[in-house]
Every structure is written in structure tokens, then in C-alpha cells.
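Dumped target.txt below, it's compact mmCIF, C-alpha atoms:
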# COMPACT_ATOMS: atom_id res chain seq x y z
CA MET X 1432 -23.42 137.99 119.86
CA ASN X 1433 -22.87 136.40 116.47
CA PRO X 1434 -26.27 136.05 114.71
CA SER X 1435 -24.99 133.13 112.66
CA ARG X 1436 -24.24 131.04 115.75
CA THR X 1437 -26.73 129.14 117.87
CA ARG X 1438 -27.27 130.53 121.34
CA VAL X 1439 -26.90 128.33 124.38
CA CYS X 1440 -27.40 129.26 128.02
CA HIS X 1441 -26.09 127.60 131.19
CA LEU X 1442 -27.89 128.22 134.47
CA SER X 1443 -26.83 127.71 138.08
CA ASN X 1444 -28.16 129.48 141.15
CA LEU X 1445 -25.59 127.74 143.39
CA HIS X 1446 -22.30 127.47 141.52
CA VAL X 1447 -19.97 130.40 141.01
CA ALA X 1448 -19.49 131.53 137.44
CA PHE X 1449 -15.94 130.18 137.27
CA ASP X 1450 -16.95 126.71 138.44
CA THR X 1451 -14.60 124.04 137.11
CA ARG X 1452 -17.15 121.89 135.31
CA ILE X 1453 -19.53 124.62 134.19
CA TYR X 1454 -17.16 127.35 133.03
CA PHE X 1455 -13.78 125.71 132.45
CA ARG X 1456 -15.15 122.52 130.88
CA PHE X 1457 -18.53 123.17 129.27
CA CYS X 1458 -18.80 126.89 128.54
CA ARG X 1459 -15.27 127.34 127.25
CA SER X 1460 -15.64 124.27 125.02
CA LEU X 1461 -19.06 125.32 123.73
CA ALA X 1462 -17.86 128.87 123.04
CA LYS X 1463 -15.79 127.46 120.17
CA GLU X 1464 -19.03 126.83 118.21
CA TYR X 1465 -21.89 128.64 119.99
CA ASP X 1466 -22.79 131.98 121.53
CA VAL X 1467 -22.74 131.16 125.24
CA THR X 1468 -24.50 132.89 128.12
CA LEU X 1469 -23.71 131.76 131.66
CA ILE X 1470 -26.14 132.74 134.43
CA ALA X 1471 -24.45 131.96 137.75
CA VAL X 1472 -23.25 133.37 141.06
CA HIS X 1473 -21.00 136.31 140.20
CA PRO X 1474 -20.47 139.90 141.37
CA CYS X 1475 -21.10 141.64 138.04
CA GLU X 1476 -22.14 141.26 134.43
CA GLU X 1477 -19.20 140.83 132.06
CA VAL X 1478 -17.90 138.98 129.02
CA VAL X 1479 -14.96 136.64 129.63
CA LYS X 1480 -13.34 134.61 126.83
CA GLY X 1481 -16.40 135.30 124.70
CA ILE X 1482 -18.80 134.01 127.37
CA HIS X 1483 -21.51 136.43 128.52
CA ILE X 1484 -21.76 136.08 132.32
CA VAL X 1485 -25.02 137.24 133.89
CA PRO X 1486 -24.80 137.48 137.70
CA VAL X 1487 -27.17 136.04 140.27
CA ARG X 1488 -27.03 136.39 144.03
CA ARG X 1489 -26.94 133.34 146.27
CA LEU X 1490 -29.39 133.70 149.15
CA LYS X 1491 -28.22 133.12 152.72
CA ASN X 1492 -31.23 131.00 153.65
CA ARG X 1493 -30.66 127.70 151.84
CA TYR X 1494 -34.30 126.60 152.03
CA TRP X 1495 -35.55 129.88 150.60
CA GLU X 1496 -32.87 129.55 147.92
CA MET X 1497 -34.23 126.16 146.88
CA ALA X 1498 -37.86 127.31 146.99
CA THR X 1499 -37.38 130.44 144.87
CA ALA X 1500 -34.51 129.48 142.53
CA SER X 1501 -36.61 128.72 139.45
CA LEU X 1502 -38.78 131.80 139.89
CA ARG X 1503 -35.68 134.01 140.09
CA MET X 1504 -33.78 132.34 137.26
CA PHE X 1505 -36.60 131.92 134.71
CA PRO X 1506 -36.82 135.63 133.65
CA LYS X 1507 -33.04 135.78 133.25
CA ALA X 1508 -33.15 132.60 131.16
CA LEU X 1509 -35.80 134.05 128.85
CA ARG X 1510 -33.74 137.18 128.28
CA ALA X 1511 -30.87 134.99 127.01
CA ARG X 1512 -33.10 133.93 124.07
CA ALA X 1513 -31.20 130.66 123.73
CA ALA X 1514 -32.10 127.60 121.68
CA ILE X 1515 -30.57 125.22 124.23
CA TYR X 1516 -30.52 125.63 128.00
CA GLN X 1517 -28.38 123.56 130.35
CA ILE X 1518 -29.33 123.54 134.04
CA HIS X 1519 -26.88 122.47 136.73
CA ASP X 1520 -28.90 122.40 139.96
CA PRO X 1521 -31.86 120.20 140.95
CA GLU X 1522 -33.89 123.18 142.19
CA LEU X 1523 -33.86 124.48 138.60
CA ILE X 1524 -35.87 121.51 137.33
CA PRO X 1525 -39.11 123.58 137.41
CA CYS X 1526 -37.36 126.31 135.41
CA GLY X 1527 -36.30 123.69 132.89
CA LEU X 1528 -39.83 122.34 132.62
CA TRP X 1529 -41.20 125.85 131.96
CA LEU X 1530 -38.61 126.33 129.23
CA ARG X 1531 -39.67 123.02 127.68
CA LEU X 1532 -43.27 124.24 127.60
CA LEU X 1533 -42.01 127.16 125.50
CA GLY X 1534 -40.43 124.73 123.04
CA LYS X 1535 -36.84 125.12 124.24
CA LYS X 1536 -34.40 122.24 124.32
CA VAL X 1537 -33.18 121.60 127.88
CA VAL X 1538 -30.18 119.65 129.13
CA PHE X 1539 -29.91 118.67 132.79
CA ASP X 1540 -26.30 118.21 133.89
CA VAL X 1541 -26.39 115.78 136.81
CA HIS X 1542 -23.31 116.65 138.88
CA GLU X 1543 -23.99 114.14 141.63
CA ASN X 1544 -26.47 111.63 142.99
CA PHE X 1545 -28.69 114.31 144.46
CA ALA X 1546 -31.12 112.00 146.25
CA ALA X 1547 -28.23 110.29 148.06
CA ASP X 1548 -26.51 113.62 148.60
CA ILE X 1549 -29.45 114.89 150.64
CA ALA X 1550 -28.65 112.29 153.30
CA ASP X 1551 -25.00 113.40 153.40
CA LYS X 1552 -25.59 117.13 153.85
CA PRO X 1553 -25.36 117.97 157.58
CA TRP X 1554 -27.30 121.24 157.25
CA ILE X 1555 -30.40 119.63 155.67
CA ARG X 1556 -33.39 118.94 157.86
CA HIS X 1557 -36.42 116.84 156.87
CA LYS X 1558 -34.14 114.67 154.73
CA ARG X 1559 -36.73 112.01 153.95
CA LEU X 1560 -39.31 114.58 152.79
CA LEU X 1561 -36.82 116.44 150.62
CA SER X 1562 -35.50 113.20 149.13
CA THR X 1563 -39.04 112.13 148.24
CA LEU X 1564 -39.85 115.49 146.66
CA TYR X 1565 -36.64 115.52 144.67
CA THR X 1566 -37.18 111.97 143.40
CA TRP X 1567 -40.65 113.03 142.20
CA TRP X 1568 -39.17 115.97 140.28
CA GLU X 1569 -36.31 113.89 138.94
CA LYS X 1570 -38.63 111.33 137.33
CA ARG X 1571 -40.35 114.08 135.39
CA ALA X 1572 -37.10 115.72 134.37
CA ALA X 1573 -35.61 112.43 133.20
CA LYS X 1574 -38.33 112.02 130.56
CA ARG X 1575 -38.38 115.66 129.38
CA PHE X 1576 -34.71 116.68 129.38
CA GLU X 1577 -31.55 115.42 127.81
CA LEU X 1578 -29.30 114.25 130.61
CA LEU X 1579 -25.55 114.63 130.96
CA LEU X 1580 -24.15 112.54 133.81
CA ALA X 1581 -20.91 113.49 135.54
CA GLU X 1582 -20.29 109.92 136.71
CA ASP X 1583 -20.71 106.37 135.40
CA SER X 1584 -22.36 105.33 138.66
CA TYR X 1585 -25.49 107.39 137.95
CA ALA X 1586 -26.20 105.65 134.63
CA PRO X 1587 -28.03 102.50 135.91
CA HIS X 1588 -30.52 104.67 137.83
CA PHE X 1589 -31.42 106.78 134.78
CA LYS X 1590 -31.43 103.75 132.51
CA ASP X 1591 -34.12 102.26 134.75
CA LEU X 1592 -36.14 105.46 134.28
CA GLY X 1593 -35.92 105.06 130.51
CA ALA X 1594 -34.09 108.38 130.16
CA SER X 1595 -31.80 109.50 127.37
CA TYR X 1596 -28.41 110.24 128.86
CA THR X 1597 -24.76 110.69 128.02
CA VAL X 1598 -21.95 110.24 130.52
CA VAL X 1599 -19.57 113.21 130.32
CA LEU X 1600 -16.89 112.71 132.93
CA ASN X 1601 -15.17 115.64 134.57
CA TYR X 1602 -11.67 114.93 133.29
CA PRO X 1603 -9.08 117.74 133.11
CA ASP X 1604 -8.54 119.90 130.06
CA LEU X 1605 -4.86 119.18 129.45
CA PRO X 1606 -3.93 122.36 127.53
CA PHE X 1607 -5.36 124.36 130.44
CA PHE X 1608 -3.26 122.51 133.04
CA ARG X 1609 0.03 122.26 131.15
CA PRO X 1610 1.31 125.68 132.33
CA PHE X 1611 1.08 124.41 135.92
CA ARG X 1612 2.87 121.14 135.24
CA LYS X 1613 6.11 120.53 137.12
CA LEU X 1614 7.90 117.19 137.11
CA ASP X 1615 11.14 118.13 138.82
CA ALA X 1616 12.18 119.20 142.32
CA ARG X 1617 8.85 119.93 143.95
CA SER X 1618 8.86 121.26 147.51
CA GLU X 1619 7.92 118.02 149.25
CA GLU X 1620 7.08 119.61 152.59
CA HIS X 1621 4.26 121.70 151.13
CA LEU X 1622 0.83 120.05 150.83
CA PHE X 1623 -1.89 121.30 148.46
CA TYR X 1624 -5.69 121.14 148.37
CA ILE X 1625 -8.18 122.93 146.12
CA GLY X 1626 -11.94 122.66 146.27
CA ILE X 1627 -14.95 122.88 148.53
CA LEU X 1628 -14.19 122.90 152.25
CA LEU X 1629 -16.33 120.73 154.50
CA GLU X 1630 -15.63 118.58 157.52
CA THR X 1631 -16.22 115.61 155.22
CA ARG X 1632 -13.27 116.75 153.06
CA GLY X 1633 -10.81 115.60 155.72
CA LEU X 1634 -9.77 119.00 157.02
CA PHE X 1635 -9.70 117.91 160.67
CA GLU X 1636 -7.76 114.75 159.81
CA ILE X 1637 -5.23 116.79 157.82
CA ALA X 1638 -4.79 119.14 160.77
CA GLU X 1639 -4.19 116.21 163.12
CA ALA X 1640 -1.72 114.63 160.69
CA LEU X 1641 0.26 117.89 160.72
CA TYR X 1642 0.28 117.76 164.51
CA ILE X 1643 1.46 114.13 164.53
CA LEU X 1644 4.30 115.02 162.15
CA LYS X 1645 5.24 118.07 164.17
CA LYS X 1646 5.63 115.91 167.28
CA GLN X 1647 8.09 113.84 165.24
CA GLY X 1648 10.07 116.95 164.42
CA ARG X 1649 8.71 117.33 160.87
CA ILE X 1650 7.08 120.61 159.87
CA PHE X 1651 4.76 120.47 156.85
CA GLN X 1652 2.82 123.39 155.40
CA PHE X 1653 -0.77 122.89 154.22
CA HIS X 1654 -1.96 125.26 151.47
CA CYS X 1655 -5.71 125.31 150.91
CA VAL X 1656 -7.66 127.02 148.12
CA GLY X 1657 -11.33 127.16 149.03
CA GLU X 1658 -13.84 129.07 151.10
CA LEU X 1659 -13.47 128.39 154.83
CA TYR X 1660 -16.99 128.73 156.19
CA SER X 1661 -17.40 130.13 159.68
CA ARG X 1662 -18.85 126.93 161.13
CA LEU X 1663 -15.89 124.91 159.89
CA GLU X 1664 -13.43 127.51 161.12
CA GLN X 1665 -15.06 127.33 164.55
CA GLY X 1666 -14.64 123.57 164.50
CA MET X 1667 -10.97 123.94 163.63
CA ASN X 1668 -10.43 126.34 166.52
CA LYS X 1669 -11.91 123.80 168.94
CA LEU X 1670 -9.33 121.14 168.08
CA PRO X 1671 -7.16 120.75 171.21
CA PHE X 1672 -3.92 120.87 169.22
CA TYR X 1673 -4.89 123.52 166.66
CA ASN X 1674 -2.92 126.39 168.16
CA GLN X 1675 0.24 124.32 167.76
CA ILE X 1676 -0.18 123.90 164.00
CA ARG X 1677 -2.26 126.99 163.17
CA GLU X 1678 0.63 128.74 161.41
CA GLN X 1679 1.18 125.68 159.22
CA MET X 1680 -2.30 125.90 157.70
CA HIS X 1681 -2.68 128.54 154.98
CA PHE X 1682 -6.16 129.38 153.67
CA TYR X 1683 -6.34 131.44 150.48
CA GLY X 1684 -10.11 131.56 150.10
CA ARG X 1685 -12.02 130.89 146.91
CA MET X 1686 -9.98 131.47 143.76
CA ARG X 1687 -10.43 130.92 140.04
CA LEU X 1688 -9.13 127.56 138.90
CA ASP X 1689 -6.15 129.02 137.05
CA GLU X 1690 -5.23 131.29 139.97
CA GLY X 1691 -5.51 128.42 142.44
CA TYR X 1692 -3.33 126.09 140.42
CA ALA X 1693 -0.72 128.80 139.97
CA LEU X 1694 0.03 128.17 143.66
CA SER X 1695 0.52 124.45 143.10
CA LYS X 1696 3.94 124.76 141.47
CA GLY X 1697 5.48 125.20 144.91
CA MET X 1698 3.75 122.13 146.34
CA GLY X 1699 4.94 118.56 146.73
CA ILE X 1700 1.80 116.49 147.42
CA GLY X 1701 -1.87 116.92 146.50
CA LEU X 1702 -4.41 115.84 149.11
CA CYS X 1703 -7.81 114.35 148.33
CA ILE X 1704 -9.03 113.07 151.71
CA ILE X 1705 -12.79 112.57 151.48
CA HIS X 1706 -14.95 110.78 154.03
CA PRO X 1707 -16.86 107.65 152.92
CA MET X 1708 -20.28 108.74 151.67
CA LYS X 1709 -22.34 107.28 148.84
CA ASN X 1710 -21.46 110.03 146.39
CA SER X 1711 -17.77 110.10 147.24
CA VAL X 1712 -17.26 106.32 147.21
CA GLU X 1713 -18.96 105.92 143.82
CA SER X 1714 -17.66 109.08 142.12
CA TYR X 1715 -14.28 110.25 140.88
CA PRO X 1716 -12.94 113.37 142.61
CA THR X 1717 -12.09 115.92 139.93
CA LYS X 1718 -9.09 117.21 141.84
CA MET X 1719 -7.41 113.79 141.74
CA PHE X 1720 -7.11 113.95 137.94
CA GLU X 1721 -6.14 117.61 138.05
CA TYR X 1722 -3.29 116.84 140.46
CA MET X 1723 -2.15 114.03 138.18
CA SER X 1724 -2.23 116.29 135.11
CA ILE X 1725 0.25 118.74 136.66
CA GLY X 1726 2.61 116.08 138.00
CA LEU X 1727 1.55 116.33 141.63
CA PRO X 1728 1.71 113.03 143.60
CA VAL X 1729 -1.65 112.30 145.21
CA ILE X 1730 -2.73 111.01 148.60
CA ALA X 1731 -6.42 110.08 148.46
CA SER X 1732 -9.06 108.13 150.35
CA ASP X 1733 -8.79 104.37 150.24
CA PHE X 1734 -11.85 103.70 148.08
CA PRO X 1735 -11.80 101.01 145.35
CA LEU X 1736 -12.59 103.56 142.62
CA TYR X 1737 -9.66 105.75 143.66
CA ARG X 1738 -7.28 102.80 144.01
CA GLU X 1739 -8.10 101.71 140.46
CA VAL X 1740 -6.55 104.97 139.27
CA LEU X 1741 -3.76 105.82 141.71
CA GLU X 1742 -2.35 102.37 142.45
CA ALA X 1743 -2.88 101.00 138.96
CA HIS X 1744 -0.87 103.87 137.46
CA GLY X 1745 1.58 104.33 140.32
CA CYS X 1746 0.85 108.02 140.83
CA GLY X 1747 -0.23 108.17 144.46
CA LEU X 1748 -1.16 106.47 147.71
CA CYS X 1749 -4.53 105.61 149.25
CA VAL X 1750 -5.19 105.83 153.00
CA ASP X 1751 -8.07 105.47 155.43
CA PRO X 1752 -9.57 109.00 155.37
CA ARG X 1753 -10.51 108.73 159.05
CA ASN X 1754 -6.99 107.82 160.17
CA PRO X 1755 -4.63 110.82 160.67
CA GLU X 1756 -1.75 108.48 161.59
CA ALA X 1757 -2.06 106.72 158.23
CA LEU X 1758 -2.17 110.06 156.45
CA ALA X 1759 0.94 111.27 158.28
CA SER X 1760 2.76 108.07 157.35
CA ALA X 1761 1.81 108.41 153.66
CA ILE X 1762 3.03 112.02 153.62
CA LEU X 1763 6.42 110.89 154.94
CA THR X 1764 6.59 108.03 152.45
CA ILE X 1765 6.42 110.44 149.53
CA ALA X 1766 8.30 113.37 151.09
CA ASP X 1767 11.28 111.24 152.15
CA ASN X 1768 11.64 109.48 148.81
CA PRO X 1769 12.43 111.94 145.97
CA THR X 1770 12.75 109.09 143.47
CA LEU X 1771 9.25 107.84 144.29
CA GLN X 1772 7.91 111.37 144.13
CA ALA X 1773 9.37 111.89 140.65
CA GLU X 1774 8.03 108.54 139.43
CA MET X 1775 4.54 109.35 140.71
CA ALA X 1776 4.63 112.75 139.01
CA GLU X 1777 5.61 111.30 135.65
CA ASN X 1778 3.18 108.37 135.93
CA GLY X 1779 0.29 110.69 136.74
CA VAL X 1780 0.86 112.85 133.68
CA LYS X 1781 1.15 109.81 131.42
CA ALA X 1782 -2.03 108.26 132.84
CA VAL X 1783 -4.11 111.41 132.36
CA GLU X 1784 -2.88 111.93 128.81
CA ALA X 1785 -3.65 108.31 127.90
CA HIS X 1786 -6.91 107.68 129.76
CA TYR X 1787 -8.45 110.66 131.56
CA SER X 1788 -8.40 113.75 129.33
CA TRP X 1789 -11.30 116.13 128.75
CA GLU X 1790 -10.80 115.86 124.98
CA SER X 1791 -12.71 112.56 124.81
CA GLN X 1792 -15.54 113.91 126.97
CA GLU X 1793 -15.72 117.16 125.00
CA LYS X 1794 -16.51 115.15 121.87
CA ARG X 1795 -19.43 113.49 123.67
CA MET X 1796 -20.78 116.86 124.78
CA HIS X 1797 -20.61 118.29 121.24
CA GLU X 1798 -22.34 115.21 119.83
CA VAL X 1799 -25.30 115.79 122.16
CA TYR X 1800 -25.54 119.47 121.27
CA ASN X 1801 -25.21 118.83 117.54
CA LYS X 1802 -28.00 116.26 117.62
CA LEU X 1803 -30.25 118.62 119.56
CA ILE X 1804 -29.58 121.43 117.08
CA ASN X 1805 -30.39 119.10 114.19
CA GLY X 1806 -33.60 117.90 115.85
CA GLN X 1807 -32.35 114.39 116.54
CA LYS X 1808 -32.88 112.51 119.76
CA PRO X 1809 -29.50 111.63 121.32
CA VAL X 1810 -29.10 107.94 122.00
CA SER X 1811 -28.10 107.00 125.54
CA MET X 1812 -24.37 106.47 125.71
CA ALA X 1813 -23.39 103.79 128.19
CA PRO X 1814 -20.85 104.50 130.92
CA GLY X 1815 -17.23 103.61 130.60
CA GLY X 1816 -15.23 106.81 130.24
CA VAL X 1817 -12.65 106.41 127.48

Show me this structure written as C-alpha cells.
Amino acid sequence: MNPSRTRVCHLSNLHVAFDTRIYFRFCRSLAKEYDVTLIAVHPCEEVVKGIHIVPVRRLKNRYWEMATASLRMFPKALRARAAIYQIHDPELIPCGLWLRLLGKKVVFDVHENFAADIADKPWIRHKRLLSTLYTWWEKRAAKRFELLLAEDSYAPHFKDLGASYTVVLNYPDLPFFRPFRKLDARSEEHLFYIGILLETRGLFEIAEALYILKKQGRIFQFHCVGELYSRLEQGMNKLPFYNQIREQMHFYGRMRLDEGYALSKGMGIGLCIIHPMKNSVESYPTKMFEYMSIGLPVIASDFPLYREVLEAHGCGLCVDPRNPEALASAILTIADNPTLQAEMAENGVKAVEAHYSWESQEKRMHEVYNKLINGQKPVSMAPGGV
């Protein structure tokens, strides 16, 4: 630790330490000016790129995890002796409130519309009760914390609460992604996905699209970076056609962002097939911009927000995420047209560099932290990206 630098601490009882937004965006950016401690899910204590990672264990019982998160994280947070704490999970709101009572400055990074997300989580029971409880906590947090919002769509809600907020969008860090950029001769019959794996992330539809293409005599390989949970794997095995395309689906498990994208150089199309839910329809998928930044043509769900990016800049196609036939057709459209593929690759890179880079959002983040350090109250910054 450098005694001349202000200490900041990021806390998450759910996210892995090398989470894209938390580690690769916030902590690495903040480490340029601050001493950074990251308390998150990780196997061991270590220092990486100057960031002190303190491990926590994710509990198997999700309800017990939510109930005990603040109690388990609070002692670890105190040991960090930070001036500013940034929490990333709604169950850490009590922890944040306790830190405020001790005079600490607390930032709540709102990754998603949590109240709406409760309704979309298939494993959650008593949805109405949990949504009511969370809303009660959220109102108190909104007045006592500084808020960073990952999406423009959350801003009206917090504006109504009279909260101070800054929209910091999850755009890609271009210097980080440049080593994975490839604009020429991609392997068009290899499909790529990186991120969380759920049924709502289109995995069954992708599998069926592969089967449809195979019946047409076209063999495509699907490469997936993400943790395949047992329940989802069981669902895959129950698909009547799965045995016929099983060897075309390659699951690499959870990987660090840089390790995952190292695989992408051999891929021809990036998939972002997300089912229509409130959070997904109103929020940008991070992976869409990451694909664009490395010159990977994108096929994404046909939502207005996604179309505004992909179709406006000519860097991908949008399809009905519930329609495997439409997905198969879009895959062929790009794979069978090398000129289109090259144009999409180049257009995606240009669009990200001009409109969707982390550099602009990093400045917003540093402005909030600088004002907190200097004892100023950050003024709410309206949505609008760059």
C-alpha cells in the first residue's frame, strides 16, 4: 500500500474477482490513482496488477447467501480501512449503511434493475415479497449512497427518488481488446459466446439452429466461455436432437476475460441471443460492444436498443431470439458472404472507437471519486452515454 494514496475498496459477495465491470473496468482504472482492495469471490488472497484481492466464498444456498452477505462482508470491509467503498450487490446495502454510520463514503454500483430482475430469475420464490423488501432497502440506499448506474434506463427511476447518480456505461476498454482484434479472414463456421449461461441466454435456440444447419449439410462449431450449470446441462441433454450436435458445442467453463477473448481470434461470428425480459430489452449487453471492438460480426436479439447499434453502424444482424430458424438463416447470411463479414468487422471497430469506448465512462467515474475525496456532492449526470 502507498500511504500517500487514498484507499478504495470494492465489495461483491456474488461476482468473481475478475468480473468484467468490477475488475477490468473499475478496479484497473482506479488503480492508476488509488490503492485498491477488491473483496470478491476468489480462491485465494493475492495482488494482481496492483489490486489487493481478498477472497470470499459464495454459499450454495442462495437465500442464505442473501441473508448473511452483509454480516460476512462487513468485517472484511473494515479491515480494508478504505476512505471510499463501492458495493456491487443489492444484498450489501445493509453493509453499506453500516459503513456510512462510521463516516465512510459509499458508492452503490447498480448493475441492473434489481427489482425487475427478481421477476426474471427462475430460481427465486416469493418474488413479490422479495421485490417489496428490496424496494424498501433501495429507497434508503438511494438517499445515503452515491449511485453509479450501468444503464441509461435506470436513471428516471432514481431521479424520481431524488438520488445523486452518474451513468457509467459498461463500454469496452479499447487498449485491453486491441490484442484480440482481427479484421481479416476469420473462420466463419465457428461461433463465439462469452458470458453467463442461462436458458434465457438463448443456449437452447443456438443448439437448435446448429441442428437446422446440420440438416442442410452445414456444420458450425459453437464455442462457449462460461460456467455451464448442472440444471442447464440437464436441459440440454433432454433436447431431442442434442446427441446429433453435441460434438459441435464446445464449453470451456468460466475464464478470465483476457483468456476467454484469446479464443475469439479463431471465430467468425459473435452471438448475443438474449430472451426478451425487462432488463435485457432496456439494457445494452456488454458482450455486443466487446465483439464489435475486436472486429467480430454480431448476431443479437431483435430489440430496438440493439438495432440502434448494430443496424445503424452496419456491424451485425438482429433476429427473433425465440426463433432458431431465423438464427440459422442469419448465421448463413454472414458466413456465406465474406465481403459482408469484413465490412461488419471494420464497421464495428469504427463504431466502438467513435461512440462506445470505456475512456469516456472512465472520466465520469474519476469525476465522482474526485468529488467524494474533496468532500463535494456529485451532481447527477443525466443519461446519454457519449

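Of the listed residues (X:Thr1451, X:Ile1765, X:Ser1595, X:Glu1739), X:Thr1451 comes nearest to Gly1626 in chain X; the distances count all atoms listed in the file.
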
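As for CA of Tyr1494 in chain X and CA of Ala1511 in chain X, they are spaced 26.6 Å apart.
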
May I ask which of the residues X:Arg1459, X:Lys1491, X:Lys1613, X:His1542 is the closest one to Val1780 in chain X, counting all atoms listed in the file?
->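 Checking each of X:Arg1459, X:Lys1491, X:Lys1613, X:His1542 against Val1780 in chain X, counting all atoms listed in the file, the winner is X:Lys1613.
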
Using 12 Å as the limit and counting all atoms listed in the file, can you tabulate each residue of range 1757-1789 of chain X that touches range 1597-1600 of chain X, with its shortest atom-to-atom distance in Å and the two atoms involved, as a tab-separated table?
residue	atom	partner	partner_atom	distance
X:His1786	CA	X:Leu1600	CA	11.6
X:Tyr1787	CA	X:Leu1600	CA	8.8
X:Ser1788	CA	X:Leu1600	CA	9.3
X:Trp1789	CA	X:Leu1600	CA	7.8

Which is closest to Ser1584 in chain X among X:Leu1736, X:Leu1763, X:Leu1741, X:Met1775, if we use all atoms listed in the file?
->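 Residue with the minimum atom-to-atom distance to Ser1584 in chain X: X:Leu1736.
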
Name the closest residue to Leu1629 in chain X among the candidates X:Ser1661, X:Ser1791, X:Asn1778, X:Asn1492; distances are taken between atoms, counting all atoms listed in the file.
->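 Closest to Leu1629 in chain X, using all atoms listed in the file: X:Ser1661.
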
Saved range 1656-1697 of chain X from the preceding structure, C-alpha atoms, as a short mmCIF file (atom, residue, chain, number, x, y, z; two decimals), in the first residue's frame:
data_model
loop_
_atom_site.label_atom_id
_atom_site.label_comp_id
_atom_site.auth_asym_id
_atom_site.auth_seq_id
_atom_site.Cartn_x
_atom_site.Cartn_y
_atom_site.Cartn_z
CA VAL X 1656 -16.92 -19.40 -22.48
CA GLY X 1657 -18.98 -19.54 -19.30
CA GLU X 1658 -20.00 -21.82 -16.48
CA LEU X 1659 -22.47 -24.50 -17.59
CA TYR X 1660 -24.59 -25.13 -14.52
CA SER X 1661 -25.84 -28.66 -13.95
CA ARG X 1662 -29.52 -27.74 -14.34
CA LEU X 1663 -28.86 -26.15 -17.71
CA GLU X 1664 -26.71 -29.07 -18.82
CA GLN X 1665 -29.55 -31.42 -17.91
CA GLY X 1666 -31.90 -29.32 -20.02
CA MET X 1667 -29.51 -29.51 -22.96
CA ASN X 1668 -29.32 -33.29 -22.67
CA LYS X 1669 -33.11 -33.53 -22.86
CA LEU X 1670 -33.27 -31.81 -26.25
CA PRO X 1671 -34.40 -34.50 -28.73
CA PHE X 1672 -31.72 -33.57 -31.26
CA TYR X 1673 -28.86 -32.83 -28.86
CA ASN X 1674 -26.90 -36.02 -29.45
CA GLN X 1675 -26.67 -35.11 -33.13
CA ILE X 1676 -24.96 -31.78 -32.48
CA ARG X 1677 -23.30 -32.47 -29.12
CA GLU X 1678 -19.79 -32.58 -30.62
CA GLN X 1679 -20.36 -29.19 -32.25
CA MET X 1680 -20.87 -27.45 -28.89
CA HIS X 1681 -17.66 -26.69 -27.00
CA PHE X 1682 -17.87 -25.47 -23.40
CA TYR X 1683 -14.69 -24.04 -21.88
CA GLY X 1684 -16.06 -23.11 -18.47
CA ARG X 1685 -15.51 -19.81 -16.70
CA MET X 1686 -12.38 -17.98 -17.82
CA ARG X 1687 -10.79 -14.61 -17.22
CA LEU X 1688 -11.83 -12.03 -19.77
CA ASP X 1689 -8.44 -11.92 -21.47
CA GLU X 1690 -8.19 -15.71 -21.59
CA GLY X 1691 -11.70 -16.03 -23.00
CA TYR X 1692 -11.15 -13.49 -25.73
CA ALA X 1693 -7.88 -15.14 -26.71
CA LEU X 1694 -10.13 -17.88 -28.12
CA SER X 1695 -12.11 -15.42 -30.21
CA LYS X 1696 -9.43 -14.92 -32.86
CA GLY X 1697 -10.45 -18.21 -34.43
#
